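As structure tokens, the structure follows; a few thoughts come after it.
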Amino acid sequence: MYVGRFAPTPSGRLHLGSLVALTGAYLRAKHAHGQCLLRIEDLDTPRCKPEYTAQMLRDLKALGFSFDGELKRQHTPAALARYAEILHTLQERGFTYYCTCTRASRRTQPCTCQSRHLTYTPAASLCFSAPSLDTAFDDELLGRQELDLANRSCTLLRSDRVIAYNLACVVDDHDSGVTEVVRGSDLLYETPIQNALYAALGWQAPHYVHLPLALKSPEHKYSKQNHAKAVLEELSPRQALLLSLRFLGQDLSALESAQSCPELLIRAAQSFDITRIPKCSGLISY
Ligand code: GLU
């Protein structure tokens with residue numbers, strides 16, 4: 001059984017970039033008669049406010065999406081205990097090292113912390129030392145990817161003691177039985193690192209589809225960092241869905257007469273065709 005998921009970070013309202021990832025992930029799962037799970041990636045509590053999660057859930061409902069299984073939130077005592085357990089496993093297996101670099105220091109000099117075998121200090125983060133790192137993988141849309149990961153490290157536990165994205169993502173996707181991850185291609189370079197985490201834990205990695213990014217301008221994707229507008233402040237739910245489907249290259253001819261968003265999504269799932277999705281990110285405005 002196909003199990004997919006949408007895993008938004010609730011650091012603001014749903015913007016077009018997330019809607020494209022959501023549309024792709026949801027329709028791919030529904031086209032395969034599979035499940036699409038919803039996971040709220042709210043570990044970064046300074047950025048992720050509960051009111052943003054509530055608003056995100058309202059937006060998803062207004063757009064007509066209905067997810068399978070239980071809603072999963074990452075910032076719960078049970079989930080945090082699970083990440084701590086897996087972190088401990090990785091430490092015990094010798095797959096971690098302490099790192100005292102900052103973002104600014106990494107920009108000017110490569111990190112040498114792994115070879116310095118540092119011990120714990122309150123300002124240190126805990127990073128992943130991959131026993132093997134295969135920088136290539138097959139993407140179901142983009143084909144074979146061979147990435148240059150030079151100087152990329154993988155933080156597991158940030159210096160502010162927040163569990164980092166890659167660890168939580170791998171643990172949750174594994175524990176929820178996710179068979180394929182569909183997300184934006186801004187996360188392409190995280191994929192070999194996540195695959196190395198799966199291998200280090202003896203787990204089976206999922207398949208991947210990395211979708212084109214919706215760009216506001218040649219240099220800027222629609223994202224919270226780029227102050228993208230909330231898509232439902234500008235468009236009706238139906239207009240937003242059609243825009244996202246058009247961006248994903250889907251045939252809209254049988255969709256425009258749908259009476260409601262849920263009906264539109266059912267029809268879009270039936271006709272969903274991954275081969276129509278463009279492989280390159282593209283400009284889009286609304
Ligand atoms: N939480 C990430 C985001 O909102 C997505 C992570 C993923 O799909 O792996 O961009």
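Please note that chains go A, B, ... in the order of the structure tokens, that every chain numbers its residues from 1, and that ligands are numbered from 1 in the order shown.
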Residues of region 53-253 of chain A in helix (DSSP H, G or I), written as a PyMOL selection string:
chain A and resi 53-62+77-92+103-108+113-116+165-175+185-201+231-234+237-247
What are the closest atom pairs, with distances in Å to one decimal, for all residues of chain A lying within 10 Å of ligand 1? Consider only C-alpha atoms and all ligand atoms, order rows by chain and residue number, and present the result as CSV.
```
residue,atom,partner,partner_atom_place_in_ligand_line,distance
A:Arg5,CA,ligand 1,8 (O),7.8
A:Phe6,CA,ligand 1,8 (O),6.3
A:Ala7,CA,ligand 1,8 (O),5.0
A:Pro8,CA,ligand 1,4 (O),3.7
A:Thr9,CA,ligand 1,4 (O),4.0
A:Pro10,CA,ligand 1,4 (O),7.2
A:Ser11,CA,ligand 1,4 (O),8.4
A:Leu14,CA,ligand 1,4 (O),9.4
A:Gly17,CA,ligand 1,10 (O),8.6
A:Ser18,CA,ligand 1,4 (O),6.7
A:Ala21,CA,ligand 1,8 (O),8.0
A:Leu22,CA,ligand 1,8 (O),9.1
A:Ala25,CA,ligand 1,8 (O),9.2
A:Arg39,CA,ligand 1,1 (N),8.6
A:Ile40,CA,ligand 1,1 (N),7.5
A:Glu41,CA,ligand 1,1 (N),5.4
A:Asp42,CA,ligand 1,1 (N),8.3
A:Leu43,CA,ligand 1,1 (N),9.8
A:Tyr165,CA,ligand 1,6 (C),7.6
A:Asn166,CA,ligand 1,9 (O),8.0
A:Ala168,CA,ligand 1,9 (O),9.5
A:Cys169,CA,ligand 1,9 (O),6.1
A:Val170,CA,ligand 1,9 (O),8.6
A:Asp173,CA,ligand 1,9 (O),8.8
A:Val181,CA,ligand 1,8 (O),7.0
A:Val182,CA,ligand 1,8 (O),6.9
A:Arg183,CA,ligand 1,8 (O),4.9
A:Gly184,CA,ligand 1,8 (O),7.1
A:Ser185,CA,ligand 1,8 (O),9.6
A:Asp186,CA,ligand 1,10 (O),8.2
A:Leu187,CA,ligand 1,9 (O),6.9
A:Leu188,CA,ligand 1,9 (O),9.5
A:Glu190,CA,ligand 1,9 (O),8.6
A:Thr191,CA,ligand 1,9 (O),8.8
A:Gln194,CA,ligand 1,9 (O),9.6
A:His210,CA,ligand 1,8 (O),9.5
A:Ser223,CA,ligand 1,10 (O),8.5
A:Lys224,CA,ligand 1,4 (O),9.6
```
Tell me, as a list in words, which residues lie within 12 Å of Thr121 (chain A), counting only C-alpha atoms; anything in the same chain fewer than 2 positions away does not count.
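Surrounding residues, per the criterion: Tyr97, Tyr98, Cys99, Thr100, Leu118, Thr119, Ala123, Ala124, Ser125, Leu126, Ser159, Asp160 and Arg161 of chain A.
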Please return as a ChimeraX atom specification: the residues of region 34-259 of chain A that backbone DSSP assigns to strand (DSSP E).
/A:35-40,72-73,96-99,125-128,136-139,143-146,155-157,180-184,207-211,214-217,220-221
From the options A:Ile193, A:Phe137, A:Arg47, A:Ile277, which residue's atoms come nearest to Leu149 (chain A), counting only C-alpha atoms?
A:Ile193
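The neighbours of Leu133 (chain A) here are the residues that come within 9 Å of it, using only C-alpha atoms and leaving out any residue fewer than 3 positions away in the same chain; they are Ala130, Ala136, Pro192, Ile193, Asn195 and Ala196 of chain A.
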Near Pro206 (chain A), within 7 Å and counting only C-alpha atoms, which residues show up once chain neighbours fewer than 5 positions away are dropped, as number ranges by chain?
A: 178-181
Skip region 212-215 of chain A itself and residues of its chain fewer than 4 positions away, then list as a ChimeraX atom specification all residues within 9 Å of it, counting only C-alpha atoms.
/A:16-17,20-21,183-186,219-222,244,247-248,277-285
Using only C-alpha atoms, can you tell me which of A:Leu90, A:Cys127, A:Leu147, A:Ala269 comes closest to Ala200 (chain A)?
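Closest to Ala200 (chain A), using only C-alpha atoms: A:Leu90.
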Report, in Å with one decimal, the straight-line distance from CA of Leu141 (chain A) to CA of Val209 (chain A).
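Between these atoms lies a distance of 5.6 Å.
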Pro237 (chain A) surroundings by only C-alpha atoms, 12 Å radius, close-in-sequence under 6 positions cut, as a short mmCIF file (atom, residue, chain, number, x, y, z; two decimals) with N, CA and C atoms, in the first residue's frame:
```cif
data_model
loop_
_atom_site.label_atom_id
_atom_site.label_comp_id
_atom_site.auth_asym_id
_atom_site.auth_seq_id
_atom_site.Cartn_x
_atom_site.Cartn_y
_atom_site.Cartn_z
N LEU A 14 -0.25 28.99 5.01
CA LEU A 14 0.10 28.21 3.81
C LEU A 14 0.39 29.17 2.65
N LEU A 16 2.08 29.56 -1.51
CA LEU A 16 1.97 28.79 -2.75
C LEU A 16 3.00 27.67 -2.84
N LEU A 19 1.66 24.81 -0.99
CA LEU A 19 0.46 24.28 -1.64
C LEU A 19 0.84 23.38 -2.81
N ARG A 58 -6.99 24.92 9.29
CA ARG A 58 -8.19 25.55 8.69
C ARG A 58 -8.00 25.72 7.18
N ASP A 59 -6.80 26.15 6.78
CA ASP A 59 -6.52 26.34 5.34
C ASP A 59 -6.65 25.01 4.60
N LEU A 60 -6.11 23.94 5.18
CA LEU A 60 -6.14 22.63 4.51
C LEU A 60 -7.59 22.16 4.34
N LYS A 61 -8.38 22.42 5.37
CA LYS A 61 -9.79 22.03 5.31
C LYS A 61 -10.53 22.85 4.25
N ALA A 62 -10.28 24.16 4.24
CA ALA A 62 -10.95 25.03 3.26
C ALA A 62 -10.59 24.60 1.83
N LEU A 63 -9.40 24.07 1.64
CA LEU A 63 -8.96 23.64 0.31
C LEU A 63 -9.53 22.26 -0.06
N GLY A 64 -10.17 21.60 0.90
CA GLY A 64 -10.85 20.34 0.60
C GLY A 64 -10.00 19.09 0.79
N PHE A 65 -8.81 19.25 1.39
CA PHE A 65 -7.96 18.07 1.60
C PHE A 65 -8.47 17.30 2.82
N ALA A 230 0.08 34.71 2.09
CA ALA A 230 -0.76 33.54 2.34
C ALA A 230 -1.64 33.35 1.11
N VAL A 231 -1.61 32.16 0.55
CA VAL A 231 -2.28 31.94 -0.73
C VAL A 231 -3.80 32.18 -0.61
N LEU A 243 -4.56 26.86 -9.67
CA LEU A 243 -3.24 27.45 -9.95
C LEU A 243 -2.13 26.43 -9.68
N SER A 244 -2.25 25.76 -8.56
CA SER A 244 -1.25 24.77 -8.18
C SER A 244 -1.23 23.60 -9.19
N SER A 260 -17.15 21.55 -6.11
CA SER A 260 -16.56 21.87 -4.80
C SER A 260 -15.08 21.49 -4.84
N CYS A 261 -14.34 21.97 -3.83
CA CYS A 261 -12.90 21.61 -3.77
C CYS A 261 -12.71 20.11 -3.57
N PRO A 262 -13.46 19.45 -2.66
CA PRO A 262 -13.25 18.00 -2.52
C PRO A 262 -13.51 17.27 -3.84
N LEU A 264 -13.19 18.53 -6.85
CA LEU A 264 -12.09 18.89 -7.74
C LEU A 264 -10.88 17.99 -7.45
N LEU A 265 -10.61 17.77 -6.16
CA LEU A 265 -9.46 16.94 -5.79
C LEU A 265 -9.66 15.48 -6.18
#
```
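Take the candidates A:Thr108, A:Ser253, A:His174, A:Leu235 and check each one against Arg82 (chain A) using only C-alpha atoms; the shortest distance goes to A:His174.
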Between CA of Ala240 (chain A) and CA of Val3 (chain A), what is the spacing in Å?
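Spanning CA of Val3 (chain A) to CA of Ala240 (chain A) is a straight-line distance of 24.8 Å.
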Work out how far CA of Ala268 (chain A) is from CA of Leu242 (chain A), in Å to one decimal.
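One can read the CA of Leu242 (chain A) to CA of Ala268 (chain A) distance as 9.7 Å.
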Using only C-alpha atoms, which of A:Asp273, A:Thr23, A:Gln239, A:Asp139 sits nearest His207 (chain A)?
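Residue with the minimum atom-to-atom distance to His207 (chain A): A:Asp139.
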